[in-house]
Amino acid sequence: MRHWQTGLAAVLAMALLSASFGQAQDTSKRKTDIQVLAIRATNKNTEISPELKEIADELKKQFKFTGFKLEKRATGSAGIDEAFKTPLFEGWEARVTPKENDTKRVKLQIEIAKGTDKPDSATVTVPLGKFQLMGGQKLENGDSLIVAVAGR
Amino acid sequence: MQGPPRELDELLRALTRGDPSAVSDEDLARIEAALEADPGLTAALAAEPAGVGDPLVAAVGGTTPTPTAEEWARVWDNISAGTAAAMRPAVARRASVWLRLRVPLAAAAAVLLAIGTWWNWERRGGDAWEIRLAADVEIDDIDMQDSTTPVVIRLRPDGPVVIWALADMAG
């Protein structure tokens, strides 16, 4: 009697565990958590937001910017082929659409647009949780917009 | 009638006592022959009081009191109760099994849900997003405004890239 009770409990345990992991593995239904960073890059000051230290160190190698300010951080989620939209600043908006998401990498379509203008779009595949940079859009005072996007 | 001969009488008494050691096969044959020859002997044998069987039982029975009616009733009641329990319907027995299982099953389910939640939480890194640039990037497509030229700038060898919208200088 005890043996079949133990076996039944083990079967139920494995079923619950499989369901829990299975839901995480089902790429067709999983939602992608998304984070968008809106950054003002300038050469008018040397202020660098603490969160952007690594990004600033990398960008300084190729760009002449001296200051990097985190204007906005937005977090959300979206399903496959669903767009996560978030306003940035000065009328700019970012749209991030997950295209694929497995356990290691995610494909994201990143669109940056202002008003009704045609958006600047790029589709990239990156490791989960790692940020991709896209920018160059001119801001009102001559600074540049840089958007960092990650999905997981 | 005088009754059976003394020797035969002793044999018959040994038979009624149930004492096998006192009667040999030869003696049995003699008893059978005697019974067949004398019908009156059969009647006399039947009139003899019955023996008490095994001598050990007879000896014990002489010293051990027999149960009273109340004691017999209690014994039968206990037997009846045990039989009723054994005869419990199969459905009741299965229900009892599940009742005993509910606590360990619930505990196992709670533990597994906690593990699954923790695993998903760890995989997602909880609420915190560590800002690290992607180095292993595949660019699938770029489409920008007509007034800009897309440029992919690698920040360092085998390092992260920036997709830059370079404004056209003309016009």
# chains A, B, ... in the order shown; residues from 1 in each chain; ligands from 1
$ residues_around --residues "Lys114 of chain A" --least-positions-apart "5" --cutoff "7 Å" --atoms "only C-alpha atoms" --output "PDB file with all heavy atoms, in the first residue's frame"
ATOM      1  N   GLY A  91       8.547  64.133 -27.472  1.00  0.00           N
ATOM      2  CA  GLY A  91       7.639  63.632 -28.507  1.00  0.00           C
ATOM      3  C   GLY A  91       8.091  62.347 -29.160  1.00  0.00           C
ATOM      4  O   GLY A  91       7.402  61.829 -30.044  1.00  0.00           O
ATOM      5  N   TRP A  92       9.219  61.860 -28.799  1.00  0.00           N
ATOM      6  CA  TRP A  92       9.685  60.602 -29.367  1.00  0.00           C
ATOM      7  C   TRP A  92       9.001  59.414 -28.688  1.00  0.00           C
ATOM      8  O   TRP A  92       8.640  59.472 -27.515  1.00  0.00           O
ATOM      9  CB  TRP A  92      11.209  60.467 -29.207  1.00  0.00           C
ATOM     10  CG  TRP A  92      11.972  61.403 -30.107  1.00  0.00           C
ATOM     11  CD1 TRP A  92      12.438  62.646 -29.780  1.00  0.00           C
ATOM     12  CD2 TRP A  92      12.334  61.177 -31.467  1.00  0.00           C
ATOM     13  NE1 TRP A  92      13.071  63.211 -30.848  1.00  0.00           N
ATOM     14  CE2 TRP A  92      13.029  62.328 -31.901  1.00  0.00           C
ATOM     15  CE3 TRP A  92      12.165  60.122 -32.367  1.00  0.00           C
ATOM     16  CZ2 TRP A  92      13.539  62.449 -33.200  1.00  0.00           C
ATOM     17  CZ3 TRP A  92      12.678  60.238 -33.642  1.00  0.00           C
ATOM     18  CH2 TRP A  92      13.346  61.392 -34.058  1.00  0.00           C
ATOM     19  N   GLU A  93       8.834  58.359 -29.468  1.00  0.00           N
ATOM     20  CA  GLU A  93       8.197  57.142 -28.957  1.00  0.00           C
ATOM     21  C   GLU A  93       8.987  55.935 -29.438  1.00  0.00           C
ATOM     22  O   GLU A  93       9.538  55.928 -30.544  1.00  0.00           O
ATOM     23  CB  GLU A  93       6.754  57.032 -29.477  1.00  0.00           C
ATOM     24  CG  GLU A  93       6.043  55.762 -29.015  1.00  0.00           C
ATOM     25  CD  GLU A  93       4.653  55.615 -29.641  1.00  0.00           C
ATOM     26  OE1 GLU A  93       4.560  55.200 -30.812  1.00  0.00           O
ATOM     27  OE2 GLU A  93       3.654  55.888 -28.927  1.00  0.00           O
TER      28      GLU A  93
END
$ closest_atom_pairs --of "chain A" --to "chain B" --cutoff "6 Å" --atoms "only C-alpha atoms" --output "CSV"
residue,atom,partner,partner_atom,distance
A:Ser20,CA,B:Gly116,CA,5.5
A:Asp120,CA,B:Met144,CA,4.2
A:Ser121,CA,B:Asp143,CA,5.0
A:Ala122,CA,B:Ile142,CA,4.2
A:Thr123,CA,B:Asp141,CA,5.0
A:Val124,CA,B:Ile139,CA,4.5
A:Thr125,CA,B:Glu138,CA,5.0
A:Val126,CA,B:Val137,CA,5.1
A:Lys130,CA,B:Ala134,CA,4.7
A:Phe131,CA,B:Leu133,CA,4.6
A:Gln132,CA,B:Ala134,CA,5.9
A:Leu133,CA,B:Val162,CA,4.9
A:Met134,CA,B:Ile163,CA,4.6
A:Gly135,CA,B:Trp164,CA,5.1
A:Gly136,CA,B:Ala165,CA,4.8
$ select_by_dssp --residues "segment 96-155 of chain B" --states "helix (DSSP H, G or I)" --output "MDAnalysis selection string"
chainID B and resid 96:124
$ select_by_dssp --residues "chain A" --states "strand (DSSP E or B)" --output "JSON, numbers by chain"
{"A": [32, 33, 34, 35, 36, 37, 38, 39, 40, 41, 42, 48, 67, 68, 69, 70, 71, 72, 73, 74, 75, 76, 77, 78, 84, 85, 86, 87, 92, 93, 94, 95, 96, 97, 98, 99, 100, 101, 105, 106, 107, 108, 109, 110, 111, 112, 113, 114, 120, 121, 122, 123, 124, 125, 126, 127, 131, 132, 133, 134, 135, 136, 137, 138, 144, 145, 146, 147, 148, 149, 150, 151]}
$ closest_residue --among "A:Arg152, A:Gln35, A:Asn43, A:Thr66" --to "Ala94 of chain A" --atoms "only C-alpha atoms"
A:Gln35
$ atom_distance --atom1 "atom CA of Ser77 of chain A" --atom2 "atom CA of Ile39 of chain A"
20.5 Å
$ atom_distance --atom1 "atom CA of Ala74 of chain A" --atom2 "atom CA of Asn101 of chain A"
19.8 Å
$ decode --residues "segment 62-73 of chain A" --atoms "all heavy atoms" --output "mmCIF file, in the first residue's frame"
data_model
loop_
_atom_site.group_PDB
_atom_site.id
_atom_site.type_symbol
_atom_site.label_atom_id
_atom_site.label_comp_id
_atom_site.auth_asym_id
_atom_site.auth_seq_id
_atom_site.Cartn_x
_atom_site.Cartn_y
_atom_site.Cartn_z
ATOM 1 N N GLN A 62 33.855 55.553 -29.391
ATOM 2 C CA GLN A 62 33.540 55.819 -30.790
ATOM 3 C C GLN A 62 32.859 57.169 -31.011
ATOM 4 O O GLN A 62 32.816 57.642 -32.139
ATOM 5 C CB GLN A 62 32.635 54.703 -31.348
ATOM 6 C CG GLN A 62 33.258 53.324 -31.333
ATOM 7 C CD GLN A 62 34.416 53.187 -32.307
ATOM 8 O OE1 GLN A 62 34.569 53.968 -33.237
ATOM 9 N NE2 GLN A 62 35.269 52.197 -32.066
ATOM 10 N N PHE A 63 32.308 57.744 -29.989
ATOM 11 C CA PHE A 63 31.577 59.007 -30.140
ATOM 12 C C PHE A 63 32.228 60.089 -29.285
ATOM 13 O O PHE A 63 32.950 59.788 -28.335
ATOM 14 C CB PHE A 63 30.100 58.837 -29.720
ATOM 15 C CG PHE A 63 29.322 57.888 -30.598
ATOM 16 C CD1 PHE A 63 29.266 56.530 -30.295
ATOM 17 C CD2 PHE A 63 28.656 58.335 -31.724
ATOM 18 C CE1 PHE A 63 28.549 55.655 -31.103
ATOM 19 C CE2 PHE A 63 27.933 57.466 -32.540
ATOM 20 C CZ PHE A 63 27.885 56.126 -32.236
ATOM 21 N N LYS A 64 31.938 61.314 -29.613
ATOM 22 C CA LYS A 64 32.531 62.432 -28.889
ATOM 23 C C LYS A 64 31.641 62.948 -27.766
ATOM 24 O O LYS A 64 31.884 64.028 -27.222
ATOM 25 C CB LYS A 64 32.849 63.567 -29.858
ATOM 26 C CG LYS A 64 33.951 63.211 -30.869
ATOM 27 C CD LYS A 64 34.284 64.379 -31.771
ATOM 28 C CE LYS A 64 35.416 63.995 -32.728
ATOM 29 N NZ LYS A 64 35.770 65.100 -33.656
ATOM 30 N N PHE A 65 30.643 62.236 -27.446
ATOM 31 C CA PHE A 65 29.759 62.640 -26.355
ATOM 32 C C PHE A 65 30.500 62.562 -25.021
ATOM 33 O O PHE A 65 31.331 61.670 -24.797
ATOM 34 C CB PHE A 65 28.507 61.751 -26.282
ATOM 35 C CG PHE A 65 27.674 61.798 -27.530
ATOM 36 C CD1 PHE A 65 27.479 60.638 -28.275
ATOM 37 C CD2 PHE A 65 27.074 62.978 -27.950
ATOM 38 C CE1 PHE A 65 26.716 60.668 -29.435
ATOM 39 C CE2 PHE A 65 26.315 63.011 -29.112
ATOM 40 C CZ PHE A 65 26.139 61.865 -29.864
ATOM 41 N N THR A 66 30.175 63.510 -24.147
ATOM 42 C CA THR A 66 30.792 63.565 -22.823
ATOM 43 C C THR A 66 29.793 63.337 -21.703
ATOM 44 O O THR A 66 30.177 62.996 -20.580
ATOM 45 C CB THR A 66 31.467 64.942 -22.624
ATOM 46 O OG1 THR A 66 30.474 65.964 -22.835
ATOM 47 C CG2 THR A 66 32.607 65.120 -23.608
ATOM 48 N N GLY A 67 28.548 63.587 -21.977
ATOM 49 C CA GLY A 67 27.532 63.416 -20.934
ATOM 50 C C GLY A 67 26.424 62.475 -21.408
ATOM 51 O O GLY A 67 26.037 62.489 -22.579
ATOM 52 N N PHE A 68 25.961 61.641 -20.513
ATOM 53 C CA PHE A 68 24.892 60.694 -20.841
ATOM 54 C C PHE A 68 23.881 60.707 -19.694
ATOM 55 O O PHE A 68 24.205 60.328 -18.562
ATOM 56 C CB PHE A 68 25.437 59.276 -21.017
ATOM 57 C CG PHE A 68 26.450 59.169 -22.130
ATOM 58 C CD1 PHE A 68 27.807 59.352 -21.874
ATOM 59 C CD2 PHE A 68 26.041 58.895 -23.423
ATOM 60 C CE1 PHE A 68 28.727 59.268 -22.898
ATOM 61 C CE2 PHE A 68 26.962 58.799 -24.459
ATOM 62 C CZ PHE A 68 28.314 58.996 -24.203
ATOM 63 N N LYS A 69 22.648 61.112 -20.018
ATOM 64 C CA LYS A 69 21.635 61.219 -18.981
ATOM 65 C C LYS A 69 20.497 60.245 -19.256
ATOM 66 O O LYS A 69 19.968 60.212 -20.374
ATOM 67 C CB LYS A 69 21.076 62.644 -18.923
ATOM 68 C CG LYS A 69 20.011 62.833 -17.840
ATOM 69 C CD LYS A 69 19.471 64.241 -17.830
ATOM 70 C CE LYS A 69 18.380 64.376 -16.762
ATOM 71 N NZ LYS A 69 17.770 65.740 -16.769
ATOM 72 N N LEU A 70 20.130 59.473 -18.233
ATOM 73 C CA LEU A 70 18.993 58.567 -18.355
ATOM 74 C C LEU A 70 17.716 59.383 -18.166
ATOM 75 O O LEU A 70 17.349 59.736 -17.046
ATOM 76 C CB LEU A 70 19.071 57.461 -17.312
ATOM 77 C CG LEU A 70 17.948 56.414 -17.341
ATOM 78 C CD1 LEU A 70 17.924 55.683 -18.683
ATOM 79 C CD2 LEU A 70 18.068 55.428 -16.193
ATOM 80 N N GLU A 71 17.057 59.693 -19.306
ATOM 81 C CA GLU A 71 15.842 60.507 -19.240
ATOM 82 C C GLU A 71 14.632 59.682 -18.790
ATOM 83 O O GLU A 71 13.743 60.177 -18.112
ATOM 84 C CB GLU A 71 15.556 61.128 -20.622
ATOM 85 C CG GLU A 71 16.568 62.161 -21.077
ATOM 86 C CD GLU A 71 16.340 63.517 -20.423
ATOM 87 O OE1 GLU A 71 15.411 63.652 -19.588
ATOM 88 O OE2 GLU A 71 17.099 64.454 -20.736
ATOM 89 N N LYS A 72 14.579 58.415 -19.222
ATOM 90 C CA LYS A 72 13.421 57.597 -18.847
ATOM 91 C C LYS A 72 13.780 56.129 -18.915
ATOM 92 O O LYS A 72 14.575 55.710 -19.757
ATOM 93 C CB LYS A 72 12.234 57.883 -19.788
ATOM 94 C CG LYS A 72 10.995 57.089 -19.424
ATOM 95 C CD LYS A 72 9.809 57.441 -20.282
ATOM 96 C CE LYS A 72 8.591 56.631 -19.853
ATOM 97 N NZ LYS A 72 7.389 56.955 -20.657
ATOM 98 N N ARG A 73 13.190 55.375 -18.004
ATOM 99 C CA ARG A 73 13.303 53.914 -18.024
ATOM 100 C C ARG A 73 11.886 53.360 -18.020
ATOM 101 O O ARG A 73 11.101 53.680 -17.138
ATOM 102 C CB ARG A 73 14.062 53.385 -16.822
ATOM 103 C CG ARG A 73 14.231 51.868 -16.819
ATOM 104 C CD ARG A 73 14.575 51.336 -15.440
ATOM 105 N NE ARG A 73 15.823 51.878 -14.935
ATOM 106 C CZ ARG A 73 16.909 51.144 -14.669
ATOM 107 N NH1 ARG A 73 16.895 49.858 -14.913
ATOM 108 N NH2 ARG A 73 17.979 51.700 -14.150
#
